[in-house]
Amino acid sequence: MTLKLTKQYKRKMTKKLLSELSFYRSSMDYCTRLTNIENLSLRKSRVARTRLLTLSNTIQAVEQAISHLSGPERDIIELHYIKEHPFSEIEEIFHLERSSVYRYHVMAVDKIAAVLYGD
């Protein structure tokens with residue numbers, strides 16, 4: 001029996017992943033520094049390397065999915081999740097109505113979810 005993920009679940013998980021992207025990047029930097037410590041125990045070093053690989057793969061997958069977006073969609077995702085601008089500021093930047101910004105956002109999240117989790 002295969003479990004089919006709903007569109008709402010994929011959207012929720014994608015938003016969570018996007019909102020934690022900056023945390024993943026800082027965690028990746030931390031794990032990189034850990035792997036460079038010479039007298040770190042073998043177990044801790046192995047855990048840090050494994051975590052580093054997982055974070056690297058996750059970040060790469062999300063960035064690749066973002067690269068498939070159209071210009072306005074990509075800009076809205078980058079402004080909201082990477083540069084942490086609220087939607088009200090994004091409305092002013094693009095001179096768009098709130099509904100248009102949300103529509104672009106939902107379309108972008110759905111496209112990223114399709115790349116990450118499949119259709």
# chains A, B, ... in the order shown; residues from 1 in each chain; ligands from 1
call {"tool": "residues_around", "arguments": {"residues": "Val101 of chain A", "least_positions_apart": "6", "cutoff": "9 Å", "atoms": "only C-alpha atoms", "output": "list of chain:residue names"}}
result
A:Glu73, A:Ile76, A:Phe87, A:Ile90, A:Glu91, A:Phe94
call {"tool": "residues_around", "arguments": {"residues": "Thr14 of chain A", "least_positions_apart": "5", "cutoff": "10 Å", "atoms": "only C-alpha atoms", "output": "NGL selection string"}}
result
:A and (8-9 or 19-20 or 62 or 109-114 or 116-117)
call {"tool": "write_last_selection", "arguments": {"atoms": "C-alpha atoms", "output": "PDB file, in the first residue's frame"}}
result
ATOM      1  CA  GLN A   8      -2.243  20.544   1.199  1.00  0.00           C
ATOM      2  CA  TYR A   9       0.299  18.375   3.009  1.00  0.00           C
ATOM      3  CA  SER A  19      11.044  28.845   6.231  1.00  0.00           C
ATOM      4  CA  GLU A  20      13.810  26.706   7.765  1.00  0.00           C
ATOM      5  CA  VAL A  62      15.296  23.344  -2.616  1.00  0.00           C
ATOM      6  CA  VAL A 109       5.049  26.773  -3.383  1.00  0.00           C
ATOM      7  CA  ASP A 110       3.024  24.259  -5.413  1.00  0.00           C
ATOM      8  CA  LYS A 111       5.700  24.153  -8.125  1.00  0.00           C
ATOM      9  CA  ILE A 112       8.458  23.649  -5.563  1.00  0.00           C
ATOM     10  CA  ALA A 113       6.404  20.909  -3.877  1.00  0.00           C
ATOM     11  CA  ALA A 114       5.924  19.188  -7.242  1.00  0.00           C
ATOM     12  CA  LEU A 116      10.482  17.980  -4.264  1.00  0.00           C
ATOM     13  CA  TYR A 117       7.666  15.482  -3.685  1.00  0.00           C
TER      14      TYR A 117
END
call {"tool": "select_by_dssp", "arguments": {"residues": "chain A", "states": "alpha helix (DSSP H)", "output": "PyMOL selection string"}}
result
chain A and resi 7-19+21-35+42-67+71-77+87-94+98-117
call {"tool": "atom_distance", "arguments": {"atom1": "atom CA of Ser67 of chain A", "atom2": "atom CA of Ile82 of chain A"}}
result
13.8 Å
call {"tool": "residues_around", "arguments": {"residues": "Glu89 of chain A", "least_positions_apart": "5", "cutoff": "10 Å", "atoms": "only C-alpha atoms", "output": "ChimeraX atom specification"}}
result
/A:79-80,94-95
call {"tool": "write_last_selection", "arguments": {"atoms": "N, CA and C atoms", "output": "short mmCIF file (atom, residue, chain, number, x, y, z; two decimals), in the first residue's frame"}}
result
data_model
loop_
_atom_site.label_atom_id
_atom_site.label_comp_id
_atom_site.auth_asym_id
_atom_site.auth_seq_id
_atom_site.Cartn_x
_atom_site.Cartn_y
_atom_site.Cartn_z
N LEU A 79 12.26 36.84 -1.47
CA LEU A 79 12.02 37.95 -0.55
C LEU A 79 11.35 37.48 0.73
N HIS A 80 10.39 36.59 0.62
CA HIS A 80 9.64 36.19 1.80
C HIS A 80 10.41 35.20 2.68
N PHE A 94 6.57 45.26 -5.45
CA PHE A 94 6.13 44.89 -6.80
C PHE A 94 4.92 45.69 -7.28
N HIS A 95 4.37 46.54 -6.40
CA HIS A 95 3.18 47.32 -6.73
C HIS A 95 2.04 46.39 -7.17
#
call {"tool": "closest_residue", "arguments": {"among": "A:Ile77, A:Ile93, A:Leu21, A:Leu34", "to": "Met107 of chain A", "atoms": "only C-alpha atoms"}}
result
A:Ile77
